[in-house]
>>> print(open('target-v2.cif').read())   # mmCIF, C-alpha atoms
data_coords
loop_
_atom_site.group_PDB
_atom_site.id
_atom_site.type_symbol
_atom_site.label_atom_id
_atom_site.label_comp_id
_atom_site.auth_asym_id
_atom_site.auth_seq_id
_atom_site.Cartn_x
_atom_site.Cartn_y
_atom_site.Cartn_z
ATOM 1 C CA MET A 2 -23.579 3.451 -26.201
ATOM 2 C CA ALA A 3 -21.645 0.397 -24.979
ATOM 3 C CA GLN A 4 -18.317 2.087 -25.713
ATOM 4 C CA GLN A 5 -19.317 5.173 -23.694
ATOM 5 C CA ASN A 6 -20.444 2.954 -20.800
ATOM 6 C CA THR A 7 -17.102 1.124 -20.885
ATOM 7 C CA LEU A 8 -15.205 4.418 -20.841
ATOM 8 C CA THR A 9 -16.972 5.477 -17.635
ATOM 9 C CA TYR A 10 -15.225 2.564 -15.908
ATOM 10 C CA VAL A 11 -11.895 2.552 -17.765
ATOM 11 C CA ILE A 12 -11.044 6.244 -17.401
ATOM 12 C CA PRO A 13 -11.293 6.332 -13.568
ATOM 13 C CA VAL A 14 -9.189 3.167 -13.382
ATOM 14 C CA LEU A 15 -6.515 4.729 -15.608
ATOM 15 C CA ILE A 16 -6.470 7.804 -13.390
ATOM 16 C CA VAL A 17 -6.460 5.878 -10.112
ATOM 17 C CA LEU A 18 -3.763 3.307 -11.033
ATOM 18 C CA PRO A 19 -0.777 5.722 -11.078
ATOM 19 C CA ILE A 20 -1.995 7.360 -7.865
ATOM 20 C CA LEU A 21 -2.359 3.950 -6.214
ATOM 21 C CA TYR A 22 1.093 2.918 -7.401
ATOM 22 C CA ARG A 23 2.738 5.999 -5.837
ATOM 23 C CA ARG A 24 0.718 5.647 -2.629
ATOM 24 C CA LEU A 25 1.490 1.957 -2.237
ATOM 25 C CA ARG A 26 5.217 2.504 -2.804
ATOM 26 C CA LYS A 27 5.146 5.179 -0.116
ATOM 27 C CA LEU A 28 3.333 2.827 2.272
ATOM 28 C CA LEU A 29 6.207 0.351 2.104
ATOM 29 C CA GLN A 30 8.863 2.989 2.908
ATOM 30 C CA PRO A 31 9.779 3.721 6.548
ATOM 31 C CA GLN A 32 8.316 7.061 7.624
ATOM 32 C CA GLU A 33 8.466 9.045 10.826
ATOM 33 C CA LEU A 34 5.316 8.572 12.877
ATOM 34 C CA LYS A 35 4.035 11.612 14.723
ATOM 35 C CA TRP A 36 2.214 9.436 17.195
ATOM 36 C CA ARG A 37 1.073 12.163 19.591
ATOM 37 C CA ARG A 38 -1.085 13.663 16.817
ATOM 38 C CA LEU A 39 -2.357 10.315 15.544
ATOM 39 C CA TRP A 40 -5.743 10.722 17.240
ATOM 40 C CA ILE A 41 -6.670 13.858 15.250
ATOM 41 C CA ARG A 42 -7.414 12.238 11.880
ATOM 42 C CA PRO A 43 -9.597 9.403 13.301
ATOM 43 C CA ALA A 44 -11.561 11.933 15.368
ATOM 44 C CA ILE A 45 -12.212 14.007 12.240
ATOM 45 C CA TYR A 46 -13.289 10.881 10.309
ATOM 46 C CA LEU A 47 -15.763 9.896 13.005
ATOM 47 C CA VAL A 48 -17.270 13.379 13.343
ATOM 48 C CA LEU A 49 -17.641 13.803 9.577
ATOM 49 C CA ALA A 50 -19.139 10.320 9.243
ATOM 50 C CA ALA A 51 -21.663 11.011 12.012
ATOM 51 C CA VAL A 52 -22.646 14.319 10.416
ATOM 52 C CA ALA A 53 -22.958 12.712 6.956
ATOM 53 C CA VAL A 54 -25.004 9.741 8.135
ATOM 54 C CA LEU A 55 -27.251 11.553 10.612
ATOM 55 C CA ALA A 56 -27.925 14.673 8.506
ATOM 56 C CA PRO A 57 -31.391 14.745 6.959
ATOM 57 C CA THR A 58 -31.047 13.728 3.310
ATOM 58 C CA PRO A 59 -33.771 13.645 0.669
ATOM 59 C CA GLY A 60 -34.456 10.056 -0.311
ATOM 60 C CA ALA A 61 -32.783 8.639 2.789
ATOM 61 C CA PRO A 62 -34.536 5.675 4.361
ATOM 62 C CA ALA A 63 -35.891 6.032 7.866
ATOM 63 C CA LEU A 64 -33.618 4.822 10.647
ATOM 64 C CA THR A 65 -35.391 1.531 11.195
ATOM 65 C CA PRO A 66 -33.862 -1.284 13.225
ATOM 66 C CA SER A 67 -32.776 -3.050 10.025
ATOM 67 C CA THR A 68 -31.136 0.141 8.712
ATOM 68 C CA LEU A 69 -29.323 0.643 12.025
ATOM 69 C CA ALA A 70 -28.277 -3.017 11.983
ATOM 70 C CA GLY A 71 -26.799 -2.568 8.502
ATOM 71 C CA LEU A 72 -24.897 0.521 9.609
ATOM 72 C CA ALA A 73 -23.681 -1.241 12.759
ATOM 73 C CA LEU A 74 -22.587 -4.303 10.795
ATOM 74 C CA ALA A 75 -20.676 -2.148 8.298
ATOM 75 C CA GLY A 76 -19.057 -0.240 11.166
ATOM 76 C CA ALA A 77 -18.106 -3.441 12.974
ATOM 77 C CA LEU A 78 -16.609 -4.936 9.816
ATOM 78 C CA GLY A 79 -14.680 -1.702 9.200
ATOM 79 C CA ALA A 80 -13.418 -1.718 12.793
ATOM 80 C CA VAL A 81 -12.221 -5.336 12.585
ATOM 81 C CA LEU A 82 -10.436 -4.770 9.274
ATOM 82 C CA GLY A 83 -9.007 -1.470 10.543
ATOM 83 C CA TRP A 84 -7.593 -3.185 13.643
ATOM 84 C CA GLN A 85 -5.984 -5.879 11.494
ATOM 85 C CA TRP A 86 -4.589 -3.267 9.104
ATOM 86 C CA GLY A 87 -3.172 -1.313 12.034
ATOM 87 C CA ARG A 88 -1.602 -4.461 13.477
ATOM 88 C CA SER A 89 0.085 -5.164 10.162
ATOM 89 C CA THR A 90 1.847 -1.769 10.237
ATOM 90 C CA ALA A 91 5.385 -2.227 11.566
ATOM 91 C CA LEU A 92 6.554 0.233 14.211
ATOM 92 C CA HIS A 93 10.170 0.615 15.297
ATOM 93 C CA LEU A 94 12.525 3.158 16.806
ATOM 94 C CA HIS A 95 15.105 4.727 14.523
ATOM 95 C CA PRO A 96 18.474 3.511 15.853
ATOM 96 C CA GLU A 97 20.237 6.870 15.531
ATOM 97 C CA THR A 98 17.570 9.456 16.326
ATOM 98 C CA GLY A 99 15.244 7.430 18.564
ATOM 99 C CA THR A 100 12.177 8.639 16.652
ATOM 100 C CA LEU A 101 9.294 6.299 16.071
ATOM 101 C CA MET A 102 9.078 5.005 12.507
ATOM 102 C CA GLN A 103 6.273 3.173 10.717
ATOM 103 C CA THR A 104 6.403 0.903 7.712
ATOM 104 C CA GLY A 105 3.335 -0.427 5.967
ATOM 105 C CA SER A 106 3.150 -4.118 5.354
ATOM 106 C CA LEU A 107 2.320 -6.149 2.306
ATOM 107 C CA ALA A 108 -0.836 -7.315 4.110
ATOM 108 C CA GLY A 109 -1.908 -3.680 4.545
ATOM 109 C CA VAL A 110 -1.200 -2.949 0.891
ATOM 110 C CA ILE A 111 -3.226 -5.994 -0.156
ATOM 111 C CA LEU A 112 -6.119 -4.944 2.099
ATOM 112 C CA PHE A 113 -6.014 -1.451 0.590
ATOM 113 C CA LEU A 114 -6.069 -2.890 -2.953
ATOM 114 C CA VAL A 115 -8.927 -5.248 -2.102
ATOM 115 C CA LEU A 116 -10.949 -2.328 -0.744
ATOM 116 C CA VAL A 117 -10.338 -0.270 -3.890
ATOM 117 C CA LEU A 118 -11.271 -3.217 -6.114
ATOM 118 C CA LEU A 119 -14.344 -3.887 -3.986
ATOM 119 C CA LYS A 120 -15.407 -0.273 -4.400
ATOM 120 C CA PHE A 121 -15.084 -0.474 -8.185
ATOM 121 C CA GLY A 122 -16.831 -3.850 -8.211
ATOM 122 C CA LEU A 123 -19.711 -2.548 -6.119
ATOM 123 C CA ARG A 124 -20.021 0.476 -8.349
ATOM 124 C CA PHE A 125 -20.203 -1.695 -11.436
ATOM 125 C CA GLY A 126 -22.546 -4.213 -9.818
ATOM 126 C CA LEU A 127 -24.879 -1.592 -8.410
ATOM 127 C CA ASP A 128 -24.996 0.291 -11.697
ATOM 128 C CA ALA A 129 -25.961 -2.933 -13.429
ATOM 129 C CA GLY A 130 -28.438 -4.293 -10.894
ATOM 130 C CA ALA A 131 -29.605 -1.486 -8.621
ATOM 131 C CA PRO A 132 -32.953 -0.827 -10.335
ATOM 132 C CA SER A 133 -33.975 -4.468 -10.242
ATOM 133 C CA LEU A 134 -32.797 -4.919 -6.642
ATOM 134 C CA HIS A 135 -34.625 -1.785 -5.386
ATOM 135 C CA LEU A 136 -31.542 -0.574 -3.531
ATOM 136 C CA ASN A 137 -31.397 2.859 -1.941
ATOM 137 C CA ALA A 138 -28.296 4.796 -3.016
ATOM 138 C CA VAL A 139 -28.341 6.933 0.153
ATOM 139 C CA LEU A 140 -28.357 3.840 2.368
ATOM 140 C CA ILE A 141 -25.496 2.289 0.403
ATOM 141 C CA THR A 142 -23.540 5.535 0.756
ATOM 142 C CA ASP A 143 -24.218 5.684 4.512
ATOM 143 C CA ILE A 144 -23.087 2.074 4.944
ATOM 144 C CA SER A 145 -19.927 2.848 2.982
ATOM 145 C CA ILE A 146 -19.258 5.923 5.134
ATOM 146 C CA CYS A 147 -19.687 3.932 8.373
ATOM 147 C CA PHE A 148 -17.405 1.186 7.126
ATOM 148 C CA SER A 149 -14.684 3.573 5.925
ATOM 149 C CA ALA A 150 -14.768 5.894 8.931
ATOM 150 C CA LEU A 151 -14.389 3.031 11.385
ATOM 151 C CA LEU A 152 -11.788 1.291 9.222
ATOM 152 C CA PHE A 153 -9.472 4.311 9.273
ATOM 153 C CA ALA A 154 -10.324 5.435 12.813
ATOM 154 C CA VAL A 155 -9.653 2.020 14.379
ATOM 155 C CA ARG A 156 -6.494 1.590 12.284
ATOM 156 C CA GLY A 157 -5.212 4.870 13.716
ATOM 157 C CA LEU A 158 -6.266 3.866 17.230
ATOM 158 C CA GLU A 159 -4.430 0.548 17.052
ATOM 159 C CA ILE A 160 -1.254 2.201 15.777
ATOM 160 C CA PHE A 161 -1.541 4.915 18.443
ATOM 161 C CA LEU A 162 -1.893 2.371 21.259
ATOM 162 C CA ARG A 163 1.142 0.404 20.075
ATOM 163 C CA ALA A 164 3.160 3.597 19.569
ATOM 164 C CA GLN A 165 2.291 4.747 23.080
ATOM 165 C CA ARG A 166 3.412 1.389 24.472
ATOM 166 C CA ILE A 167 6.704 1.479 22.532
ATOM 167 C CA MET A 168 7.490 5.038 23.558
ATOM 168 C CA GLY A 169 6.579 4.238 27.168
ATOM 169 C CA GLU A 170 8.987 1.277 27.189
ATOM 170 C CA ARG A 171 11.757 3.488 25.858
ATOM 171 C CA THR A 172 11.730 5.832 28.857
#
>>> encode(input="target-v2.cif", output="structure tokens")
Amino acid sequence: MAQQNTLTYVIPVLIVLPILYRRLRKLLQPQELKWRRLWIRPAIYLVLAAVAVLAPTPGAPALTPSTLAGLALAGALGAVLGWQWGRSTALHLHPETGTLMQTGSLAGVILFLVLVLLKFGLRFGLDAGAPSLHLNAVLITDISICFSALLFAVRGLEIFLRAQRIMGERT
């Protein structure tokens, strides 16, 4: 039984590691930034998050002030980290073509890795202690959705605002 339990954590890590490696290498390469369409993905994240969190779900806790405070806190934390992640993304104009380029930073890569490790750590910790802590899985999922949606939406917003400023200075 212990070996099977260990495999449930090892196999996803072995699958995710090569994907993370390729994604992180790509983050550190300069890429063209289509800044005029940058608002689309954050808008989709926010709409999907609102639908997921506000949809009636069996076993979901009532929206009490403490539940709303938890969601707001997760969203605020996601927004702050998203803004910092966006700020760490380098933007520059390509010298020959004049197109806007983006390059991820080591700080952004580290933040991404910390978030992935935190997710695996929470999964392990909640699997081990959730019954004794009387935690609600739906509430934890909703908090995670709020955090993630605002993390990526605010990251995109920060990059968009800087890109708009850079392109405005160019003309």
>>> closest_residue(input="target-v2.cif", among="A:Val14, A:Ile45, A:Leu107, A:Leu8", to="Arg88 (chain A)", atoms="all atoms listed in the file")
A:Leu107
>>> resolve_selection(input="target-v2.cif", expression="the PyMOL selection byres ((chain A and resi 19-34) around 10)", output="number ranges by chain")
A: 14-18, 35-39, 90-95, 100-107, 109-111, 113-114, 117, 160-161, 164
>>> resolve_selection(input="target-v2.cif", expression="the PyMOL selection byres ((chain A and resi 78) around 12)", output="list of chain:residue names")
A:Gly71, A:Leu72, A:Ala73, A:Leu74, A:Ala75, A:Gly76, A:Ala77, A:Gly79, A:Ala80, A:Val81, A:Leu82, A:Gly83, A:Trp84, A:Gln85, A:Ile144, A:Ser145, A:Cys147, A:Phe148, A:Ser149, A:Ala150, A:Leu151, A:Leu152, A:Phe153, A:Val155
>>> axis_aligned_box(input="target-v2.cif", around="region 107-113 of chain A", padding_each_side="6 Å", output="lines of an AutoDock Vina configuration file")
center_x = -1.9
center_y = -4.4
center_z = 2.2
size_x = 20.4
size_y = 17.9
size_z = 16.7
>>> atom_distance(input="target-v2.cif", atom1="CA of Ile146 (chain A)", atom2="CA of Leu112 (chain A)")
17.3 Å
>>> resolve_selection(input="target-v2.cif", expression="the PyMOL selection byres ((chain A and resi 53) around 12)", output="PyMOL selection string")
chain A and resi 46-52+54-58+61+139-140+142-147+150
>>> atom_distance(input="target-v2.cif", atom1="CA of Arg42 (chain A)", atom2="CA of Lys120 (chain A)")
22.0 Å
>>> atom_distance(input="target-v2.cif", atom1="CA of Trp86 (chain A)", atom2="CA of Leu118 (chain A)")
16.6 Å
>>> build_atoms(input="target-v2.cif", residues="region 65-82 of chain A", atoms="N, CA, C and O atoms", output="compact mmCIF listing (two decimals), in the frame of the given file")
# COMPACT_ATOMS: atom_id res chain seq x y z
N THR A 65 -34.69 2.68 10.65
CA THR A 65 -35.39 1.53 11.20
C THR A 65 -34.36 0.61 11.85
O THR A 65 -33.16 0.76 11.64
N PRO A 66 -34.82 -0.36 12.63
CA PRO A 66 -33.86 -1.28 13.22
C PRO A 66 -33.00 -2.02 12.19
O PRO A 66 -31.81 -2.24 12.41
N SER A 67 -33.57 -2.36 11.04
CA SER A 67 -32.78 -3.05 10.02
C SER A 67 -31.74 -2.11 9.40
O SER A 67 -30.63 -2.53 9.09
N THR A 68 -32.09 -0.84 9.22
CA THR A 68 -31.14 0.14 8.71
C THR A 68 -30.00 0.33 9.71
O THR A 68 -28.82 0.33 9.34
N LEU A 69 -30.35 0.49 10.98
CA LEU A 69 -29.32 0.64 12.02
C LEU A 69 -28.45 -0.60 12.13
O LEU A 69 -27.25 -0.50 12.35
N ALA A 70 -29.06 -1.77 11.95
CA ALA A 70 -28.28 -3.02 11.98
C ALA A 70 -27.28 -3.06 10.83
O ALA A 70 -26.13 -3.48 11.00
N GLY A 71 -27.71 -2.62 9.65
CA GLY A 71 -26.80 -2.57 8.50
C GLY A 71 -25.64 -1.61 8.74
O GLY A 71 -24.48 -1.91 8.43
N LEU A 72 -25.95 -0.45 9.30
CA LEU A 72 -24.90 0.52 9.61
C LEU A 72 -23.94 -0.03 10.67
O LEU A 72 -22.72 0.12 10.57
N ALA A 73 -24.51 -0.67 11.70
CA ALA A 73 -23.68 -1.24 12.76
C ALA A 73 -22.81 -2.37 12.23
O ALA A 73 -21.63 -2.47 12.59
N LEU A 74 -23.36 -3.21 11.37
CA LEU A 74 -22.59 -4.30 10.80
C LEU A 74 -21.44 -3.77 9.94
O LEU A 74 -20.30 -4.25 10.03
N ALA A 75 -21.73 -2.76 9.13
CA ALA A 75 -20.68 -2.15 8.30
C ALA A 75 -19.60 -1.52 9.17
O ALA A 75 -18.40 -1.67 8.91
N GLY A 76 -20.02 -0.84 10.24
CA GLY A 76 -19.06 -0.24 11.17
C GLY A 76 -18.21 -1.29 11.87
O GLY A 76 -17.00 -1.13 12.01
N ALA A 77 -18.85 -2.37 12.30
CA ALA A 77 -18.11 -3.44 12.97
C ALA A 77 -17.11 -4.10 12.02
O ALA A 77 -15.96 -4.36 12.41
N LEU A 78 -17.51 -4.35 10.80
CA LEU A 78 -16.61 -4.94 9.82
C LEU A 78 -15.44 -3.99 9.54
O LEU A 78 -14.29 -4.41 9.46
N GLY A 79 -15.74 -2.70 9.40
CA GLY A 79 -14.68 -1.70 9.20
C GLY A 79 -13.72 -1.66 10.37
O GLY A 79 -12.50 -1.56 10.20
N ALA A 80 -14.26 -1.75 11.59
CA ALA A 80 -13.42 -1.72 12.79
C ALA A 80 -12.50 -2.94 12.85
O ALA A 80 -11.31 -2.82 13.16
N VAL A 81 -13.03 -4.11 12.56
CA VAL A 81 -12.22 -5.34 12.58
C VAL A 81 -11.11 -5.27 11.54
O VAL A 81 -9.93 -5.55 11.84
N LEU A 82 -11.46 -4.87 10.32
CA LEU A 82 -10.44 -4.77 9.27
C LEU A 82 -9.44 -3.65 9.58
O LEU A 82 -8.24 -3.79 9.31
